[in-house]
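Peer 1: Please find model18.cif (mmCIF, C-alpha atoms and all ligand atoms) on the next line:
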```cif
data_work
#
loop_
_atom_site.label_atom_id
_atom_site.label_comp_id
_atom_site.auth_asym_id
_atom_site.auth_seq_id
_atom_site.Cartn_x
_atom_site.Cartn_y
_atom_site.Cartn_z
CA MET A 1294 -117.91 131.65 -68.62
CA ALA A 1295 -118.98 133.86 -65.78
CA ARG A 1296 -116.47 135.48 -63.45
CA ASN A 1297 -117.20 133.08 -60.60
CA GLY A 1298 -116.13 130.17 -62.79
CA ILE A 1299 -119.66 128.90 -63.23
CA THR A 1300 -120.88 128.36 -66.78
CA ASN A 1301 -124.56 128.97 -67.32
CA MET A 1302 -126.27 126.97 -70.02
CA GLN A 1303 -129.80 126.84 -71.27
CA ALA A 1304 -131.17 123.76 -72.98
CA LYS A 1305 -134.46 122.91 -74.60
CA LEU A 1306 -135.57 119.41 -73.62
CA VAL A 1307 -138.52 117.65 -75.27
CA LEU A 1308 -140.52 114.63 -74.17
CA VAL A 1309 -141.95 112.14 -76.65
CA GLY A 1310 -143.64 108.78 -76.34
CA ASP A 1311 -147.13 107.43 -76.48
CA MET A 1312 -150.02 108.78 -74.54
CA GLY A 1313 -150.30 107.33 -71.07
CA THR A 1314 -146.65 106.31 -70.67
CA GLY A 1315 -146.13 108.94 -67.96
CA LYS A 1316 -144.40 111.86 -69.68
CA THR A 1317 -146.34 114.53 -67.80
CA SER A 1318 -145.99 112.60 -64.54
CA ILE A 1319 -142.20 112.42 -64.92
CA VAL A 1320 -142.00 116.18 -65.49
CA LEU A 1321 -144.32 116.99 -62.58
CA ARG A 1322 -142.33 114.67 -60.32
CA PHE A 1323 -139.09 116.37 -61.30
CA VAL A 1324 -140.26 119.99 -61.31
CA LYS A 1325 -142.82 119.99 -58.48
CA GLY A 1326 -142.12 116.78 -56.59
CA GLN A 1327 -145.75 115.78 -57.07
CA TYR A 1328 -147.53 112.75 -58.44
CA PHE A 1329 -151.16 112.25 -59.46
CA ASP A 1330 -152.74 108.84 -59.88
CA CYS A 1331 -155.11 110.06 -62.49
CA GLN A 1332 -153.56 112.53 -64.85
CA GLU A 1333 -155.76 114.13 -67.47
CA SER A 1334 -153.89 113.44 -70.68
CA THR A 1335 -154.54 116.95 -71.92
CA ILE A 1336 -153.32 118.64 -68.78
CA GLY A 1337 -149.81 119.98 -68.76
CA ALA A 1338 -149.74 121.21 -72.25
CA ALA A 1339 -146.79 122.75 -71.56
CA PHE A 1340 -143.74 124.31 -70.70
CA PHE A 1341 -141.74 123.99 -67.51
CA SER A 1342 -138.48 125.47 -66.41
CA GLN A 1343 -136.04 123.87 -63.99
CA THR A 1344 -132.40 124.48 -63.19
CA ILE A 1345 -129.81 121.87 -62.32
CA SER A 1346 -126.41 122.69 -60.89
CA LEU A 1347 -123.45 120.46 -61.46
CA ASN A 1348 -119.94 121.24 -60.27
CA GLU A 1349 -119.06 124.07 -62.59
CA VAL A 1350 -122.12 124.25 -64.78
CA THR A 1351 -125.65 125.42 -64.24
CA ILE A 1352 -128.18 124.23 -66.76
CA LYS A 1353 -131.58 125.79 -67.10
CA PHE A 1354 -133.89 123.30 -68.75
CA ASP A 1355 -136.78 124.52 -70.84
CA ILE A 1356 -138.94 121.43 -70.77
CA TRP A 1357 -141.55 120.91 -73.47
CA ASP A 1358 -144.30 118.47 -72.62
CA THR A 1359 -147.01 117.49 -75.09
CA ALA A 1360 -150.64 118.46 -74.78
CA GLY A 1361 -151.98 115.20 -76.12
CA GLN A 1362 -150.92 115.76 -79.75
CA GLU A 1363 -148.90 112.53 -79.49
CA ARG A 1364 -152.26 110.83 -80.00
CA TYR A 1365 -151.63 111.43 -83.71
CA HIS A 1366 -148.23 109.72 -83.47
CA SER A 1367 -146.30 112.72 -84.62
CA LEU A 1368 -145.56 116.21 -83.39
CA ALA A 1369 -145.13 119.53 -85.12
CA PRO A 1370 -141.57 120.35 -86.27
CA MET A 1371 -141.66 123.38 -84.00
CA TYR A 1372 -141.82 121.05 -81.03
CA TYR A 1373 -138.40 119.61 -81.86
CA ARG A 1374 -136.77 122.75 -83.16
CA GLY A 1375 -133.63 123.67 -81.27
CA ALA A 1376 -133.95 120.82 -78.82
CA ALA A 1377 -130.65 119.90 -77.19
CA ALA A 1378 -132.04 116.83 -75.47
CA ALA A 1379 -134.95 114.44 -75.77
CA ILE A 1380 -136.59 111.94 -73.47
CA VAL A 1381 -138.38 109.02 -75.14
CA VAL A 1382 -140.76 107.32 -72.73
CA TYR A 1383 -142.39 103.91 -72.70
CA ASP A 1384 -144.25 101.95 -70.07
CA ILE A 1385 -142.69 98.65 -68.90
CA SER A 1386 -146.16 97.11 -68.62
CA SER A 1387 -146.98 97.75 -72.29
CA ASP A 1388 -145.28 96.03 -75.20
CA ASP A 1389 -147.10 98.34 -77.51
CA SER A 1390 -145.62 101.44 -75.93
CA PHE A 1391 -142.12 99.99 -76.42
CA THR A 1392 -142.81 99.32 -80.10
CA ARG A 1393 -144.11 102.84 -80.40
CA ALA A 1394 -141.08 104.27 -78.55
CA LYS A 1395 -138.90 102.95 -81.37
CA LYS A 1396 -141.04 104.89 -83.85
CA TRP A 1397 -140.58 108.00 -81.73
CA VAL A 1398 -136.84 107.49 -81.80
CA GLU A 1399 -136.96 107.26 -85.59
CA GLU A 1400 -139.02 110.43 -85.76
CA LEU A 1401 -136.49 112.21 -83.55
CA GLN A 1402 -133.63 111.00 -85.70
CA ARG A 1403 -135.38 112.49 -88.73
CA GLN A 1404 -136.39 115.79 -87.12
CA GLY A 1405 -133.87 116.46 -84.45
CA ASN A 1406 -130.36 117.71 -84.43
CA PRO A 1407 -127.73 114.97 -84.77
CA TYR A 1408 -125.98 115.96 -81.56
CA MET A 1409 -129.07 115.71 -79.44
CA VAL A 1410 -128.64 113.94 -76.11
CA MET A 1411 -131.29 111.23 -76.08
CA ALA A 1412 -132.61 109.18 -73.19
CA LEU A 1413 -134.72 106.05 -73.46
CA VAL A 1414 -136.89 105.90 -70.37
CA ALA A 1415 -138.69 102.79 -69.20
CA ASN A 1416 -141.29 104.27 -66.87
CA LYS A 1417 -143.71 102.66 -64.38
CA ALA A 1418 -140.90 100.50 -62.99
CA ASP A 1419 -143.10 100.07 -59.91
CA LEU A 1420 -145.39 97.82 -61.99
CA GLU A 1421 -142.87 94.97 -61.86
CA THR A 1422 -145.60 92.33 -61.53
CA ASN A 1423 -147.10 93.49 -64.85
CA ARG A 1424 -143.78 93.81 -66.63
CA LYS A 1425 -143.93 93.09 -70.37
CA VAL A 1426 -140.66 94.66 -71.49
CA LEU A 1427 -137.41 93.39 -70.03
CA ALA A 1428 -134.83 95.94 -69.01
CA GLU A 1429 -132.36 94.20 -71.32
CA GLU A 1430 -134.55 94.88 -74.36
CA GLY A 1431 -134.64 98.59 -73.62
CA GLU A 1432 -130.96 98.65 -72.81
CA GLN A 1433 -130.01 96.96 -76.06
CA TYR A 1434 -132.16 99.21 -78.22
CA ALA A 1435 -130.75 102.28 -76.47
CA GLU A 1436 -127.22 101.13 -77.05
CA GLU A 1437 -127.85 100.53 -80.75
CA ASN A 1438 -129.23 104.04 -81.08
CA ASP A 1439 -126.72 106.01 -79.09
CA MET A 1440 -129.07 106.76 -76.26
CA PHE A 1441 -128.73 106.16 -72.57
CA PHE A 1442 -131.22 103.94 -70.82
CA ILE A 1443 -132.86 104.30 -67.45
CA GLU A 1444 -135.86 102.76 -65.68
CA THR A 1445 -137.97 105.22 -63.72
CA SER A 1446 -141.13 105.47 -61.71
CA ALA A 1447 -142.86 108.82 -61.52
CA LYS A 1448 -145.05 107.21 -58.88
CA THR A 1449 -142.29 106.26 -56.42
CA SER A 1450 -139.86 108.86 -57.86
CA GLN A 1451 -137.31 106.11 -58.56
CA ASN A 1452 -134.54 107.46 -60.82
CA VAL A 1453 -136.44 110.60 -61.86
CA ASN A 1454 -133.83 113.06 -60.62
CA GLU A 1455 -131.09 110.75 -61.86
CA LEU A 1456 -132.58 110.93 -65.35
CA PHE A 1457 -132.35 114.72 -65.51
CA TYR A 1458 -128.92 114.83 -63.87
CA GLU A 1459 -127.56 112.37 -66.41
CA ILE A 1460 -128.90 114.52 -69.24
CA ALA A 1461 -127.35 117.61 -67.65
CA LYS A 1462 -124.03 115.83 -67.28
CA ARG A 1463 -123.99 114.77 -70.92
CA LEU A 1464 -125.01 118.22 -72.12
CA SER A 1465 -122.24 119.85 -70.11
CA LYS A 1466 -119.73 117.57 -71.84
CA THR A 1467 -120.95 118.06 -75.41
CA ARG A 1468 -120.98 121.82 -75.09
P1 LIG Y 1 -148.60 111.00 -70.59
O1 LIG Y 1 -149.85 110.87 -71.41
O2 LIG Y 1 -147.45 110.30 -71.23
O3 LIG Y 1 -148.28 112.43 -70.22
O4 LIG Y 1 -148.87 110.19 -69.24
P2 LIG Y 1 -149.39 110.75 -67.83
O5 LIG Y 1 -148.27 111.39 -67.08
O6 LIG Y 1 -150.61 111.54 -68.04
O7 LIG Y 1 -149.71 109.37 -67.07
C1 LIG Y 1 -150.69 108.46 -67.55
C2 LIG Y 1 -151.19 107.57 -66.41
O8 LIG Y 1 -150.14 106.75 -65.94
C3 LIG Y 1 -151.71 108.36 -65.20
O9 LIG Y 1 -152.80 107.69 -64.65
C4 LIG Y 1 -150.52 108.33 -64.25
O10 LIG Y 1 -150.91 108.44 -62.90
C5 LIG Y 1 -149.92 106.96 -64.54
N1 LIG Y 1 -148.47 106.92 -64.28
C6 LIG Y 1 -147.53 107.80 -64.70
N2 LIG Y 1 -146.31 107.44 -64.26
C7 LIG Y 1 -146.48 106.29 -63.57
C8 LIG Y 1 -145.58 105.41 -62.86
O11 LIG Y 1 -144.36 105.60 -62.78
N3 LIG Y 1 -146.14 104.30 -62.28
C9 LIG Y 1 -147.46 104.02 -62.33
N4 LIG Y 1 -147.91 102.92 -61.73
N5 LIG Y 1 -148.34 104.83 -62.97
C10 LIG Y 1 -147.85 105.95 -63.58
MG MG Y 2 -149.12 114.20 -70.90
#
```
Would you put the structure from the file into structure tokens?
Ligand code: GDP
Ligand code: MG

Peer 2:
Amino acid sequence: MARNGITNMQAKLVLVGDMGTGKTSIVLRFVKGQYFDCQESTIGAAFFSQTISLNEVTIKFDIWDTAGQERYHSLAPMYYRGAAAAIVVYDISSDDSFTRAKKWVEELQRQGNPYMVMALVANKADLETNRKVLAEEGEQYAEENDMFFIETSAKTSQNVNELFYEIAKRLSKTR
């Protein structure tokens, strides 16, 4: 605890989910406030840093985004190591991506730390007319797996900040 009463935390946060679900877009929306209609899947190999301030806690997120390795449906153990939080992303217009998201959750449960804060994110909520996965399905799976559920759109920015604030809030409580 610092003298001003503010606690400073640092947390590694990883993103998983199939290629094309919008992981990089969510991060770019959150960190830079930008959105690109055509994201090169290999762009954004990377690492971003962003700080969130809650009432008495400041959390510096070290955000790990994939560089397209998710194509092979698994990621190196190093990717998960030390992660305090994880975001599992699927695309509401793709049944397949939801099925795959469940596999990613299982992989996280095997690799990750048991206290990890996990979010199930139903992205591309703006594609309502093409919806294949009901919100209730995501919600129910999240509940069964101790995750919180949120529908986002990196395109319109719907719920993107809320997603990261909710993670920050939960991290500040589990400290
Ligand atoms: P990643 O492979 O999971 O990192 O996915 P990307 O962020 O590269 O996004 C894949 C494609 O989906 C790109 O063409 C994005 O512009 C698009 N995309 C990402 N988020 C959204 C969204 O919320 N809504 C819509 N309609 N398209 C999105
Ligand atoms: Mg990407």

Peer 1: Looking at A:Leu1420, A:Thr1300, A:Ile1443, A:Val1426, which one is nearest to A:Tyr1458, with distances taken over all atoms listed in the file?

Peer 2: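 The answer is A:Ile1443, which sits nearest to A:Tyr1458.
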
Peer 1: How far is it from atom CA of A:Ile1460 to atom CA of A:Asn1423, in Å with one decimal?

Peer 2: 28.2 Å

Peer 1: Could you write out as lines of an AutoDock Vina configuration file the box around ligand LIG 1 (chain Y) (axis-aligned, all atoms listed in the file, 4 Å on each side), with centre and edge lengths in Å to one decimal?

Peer 2:
```
center_x = -148.6
center_y = 107.7
center_z = -66.6
size_x = 16.4
size_y = 17.5
size_z = 17.7
```

Peer 1: Rounded to one decimal in Å, what is the spacing between atom CA of A:Lys1425 and atom C6 of ligand LIG 1 (chain Y)?

Peer 2: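 Value for the atom CA of A:Lys1425-atom C6 of ligand LIG 1 (chain Y) distance: 16.2 Å.
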
Peer 1: Which residues come within 8 Å of stretch 1363-1374 of chain A, counting all atoms listed in the file, excluding same-chain residues fewer than 6 positions away, as a list in words?

Peer 2: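 Once the nearby chain positions are removed, what remains is Val1307, Val1309, Gly1310, Asp1311, Met1312, Trp1357, Trp1397, Glu1400, Leu1401, Gln1404 and Gly1405 of chain A.
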
Peer 1: Work out how far apart atom CA of A:Phe1329 and atom CA of A:Phe1354 are and give it in Å to one decimal.

Peer 2: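 Between these atoms lies a distance of 22.5 Å.
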
Peer 1: Taking into account all atoms listed in the file, which residue in the set A:Glu1429, A:Glu1421, A:Asp1355, A:Glu1399 is nearest to A:Ser1387?

Peer 2: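 Of all the options, A:Glu1421 lies closest to A:Ser1387.
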
Peer 1: Of the candidates A:Glu1455, A:Glu1437, A:Asp1384, A:Glu1349, which one gets nearest to ligand LIG 1 (chain Y) if we count all atoms listed in the file?

Peer 2: A:Asp1384

Peer 1: Counting all atoms listed in the file, what are the residues, protein, DNA or RNA alike, that approach ligand LIG 1 (chain Y) to within 7 Å? I want them as a list of chain:residue names.

Peer 2: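 The residues near ligand LIG 1 (chain Y) are A:Gly1310, A:Asp1311, A:Met1312, A:Gly1313, A:Thr1314, A:Gly1315, A:Lys1316, A:Thr1317, A:Ser1318, A:Ile1319, A:Phe1329, A:Asp1330, A:Cys1331, A:Gln1332, A:Glu1333, A:Ser1334, A:Gly1361, A:Asn1416, A:Lys1417, A:Ala1418, A:Asp1419, A:Leu1420, A:Thr1445, A:Ser1446, A:Ala1447, A:Lys1448, A:Thr1449.
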
Peer 1: Hey, what's within 8 Å of A:Met1411 if we count only C-alpha atoms and toss same-chain stuff fewer than 3 positions away? As a list in words, please?

Peer 2: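 What passes the distance filter is Ala1378, Ala1379, Ile1380, Val1381, Asp1439, Met1440, Phe1441 and Ile1460 of chain A.
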
Peer 1: Leaving out A:Ile1352 and any residue of its chain fewer than 4 positions from it, which residues lie within 9 Å of it when counting only C-alpha atoms, given as a PDB file with C-alpha atoms, keeping the file's coordinate frame?

Peer 2:
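Output contents, as saved in result_15.pdb:
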```pdb
ATOM      1  CA  THR A1300    -120.880 128.360 -66.780  1.00  0.00           C
ATOM      2  CA  ASN A1301    -124.560 128.970 -67.320  1.00  0.00           C
ATOM      3  CA  MET A1302    -126.270 126.970 -70.020  1.00  0.00           C
ATOM      4  CA  GLN A1303    -129.800 126.840 -71.270  1.00  0.00           C
ATOM      5  CA  ALA A1304    -131.170 123.760 -72.980  1.00  0.00           C
ATOM      6  CA  GLN A1343    -136.040 123.870 -63.990  1.00  0.00           C
ATOM      7  CA  THR A1344    -132.400 124.480 -63.190  1.00  0.00           C
ATOM      8  CA  ILE A1345    -129.810 121.870 -62.320  1.00  0.00           C
ATOM      9  CA  SER A1346    -126.410 122.690 -60.890  1.00  0.00           C
ATOM     10  CA  LEU A1347    -123.450 120.460 -61.460  1.00  0.00           C
ATOM     11  CA  ALA A1461    -127.350 117.610 -67.650  1.00  0.00           C
ATOM     12  CA  LEU A1464    -125.010 118.220 -72.120  1.00  0.00           C
ATOM     13  CA  SER A1465    -122.240 119.850 -70.110  1.00  0.00           C
TER      14      SER A1465
END
```

Peer 1: Tell me which protein, DNA and RNA residues are within 10 Å of A:Phe1341, counting only C-alpha atoms, leaving out same-chain ones fewer than 6 positions away, and put them as an mmCIF file with C-alpha atoms, in the coordinates of the input.

Peer 2:
```cif
data_model
loop_
_atom_site.group_PDB
_atom_site.id
_atom_site.type_symbol
_atom_site.label_atom_id
_atom_site.label_comp_id
_atom_site.auth_asym_id
_atom_site.auth_seq_id
_atom_site.Cartn_x
_atom_site.Cartn_y
_atom_site.Cartn_z
ATOM 1 C CA LEU A 1306 -135.570 119.410 -73.620
ATOM 2 C CA VAL A 1320 -142.000 116.180 -65.490
ATOM 3 C CA LEU A 1321 -144.320 116.990 -62.580
ATOM 4 C CA VAL A 1324 -140.260 119.990 -61.310
ATOM 5 C CA LYS A 1325 -142.820 119.990 -58.480
ATOM 6 C CA PHE A 1354 -133.890 123.300 -68.750
ATOM 7 C CA ASP A 1355 -136.780 124.520 -70.840
ATOM 8 C CA ILE A 1356 -138.940 121.430 -70.770
ATOM 9 C CA TRP A 1357 -141.550 120.910 -73.470
ATOM 10 C CA ASP A 1358 -144.300 118.470 -72.620
#
```

Peer 1: Give the answer as one residue: which of A:Phe1340, A:Met1409, A:Ser1386, A:Ile1299 has the shortest atom-to-atom distance to ligand MG 2 (chain Y), using only C-alpha atoms and all ligand atoms?

Peer 2: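 Closest to ligand MG 2 (chain Y), using only C-alpha atoms and all ligand atoms: A:Phe1340.
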
Peer 1: Of the residues A:Val1350, A:Ala1376, A:Val1382, A:Ala1428, which is the one nearest to ligand MG 2 (chain Y), using all atoms listed in the file?

Peer 2: A:Val1382
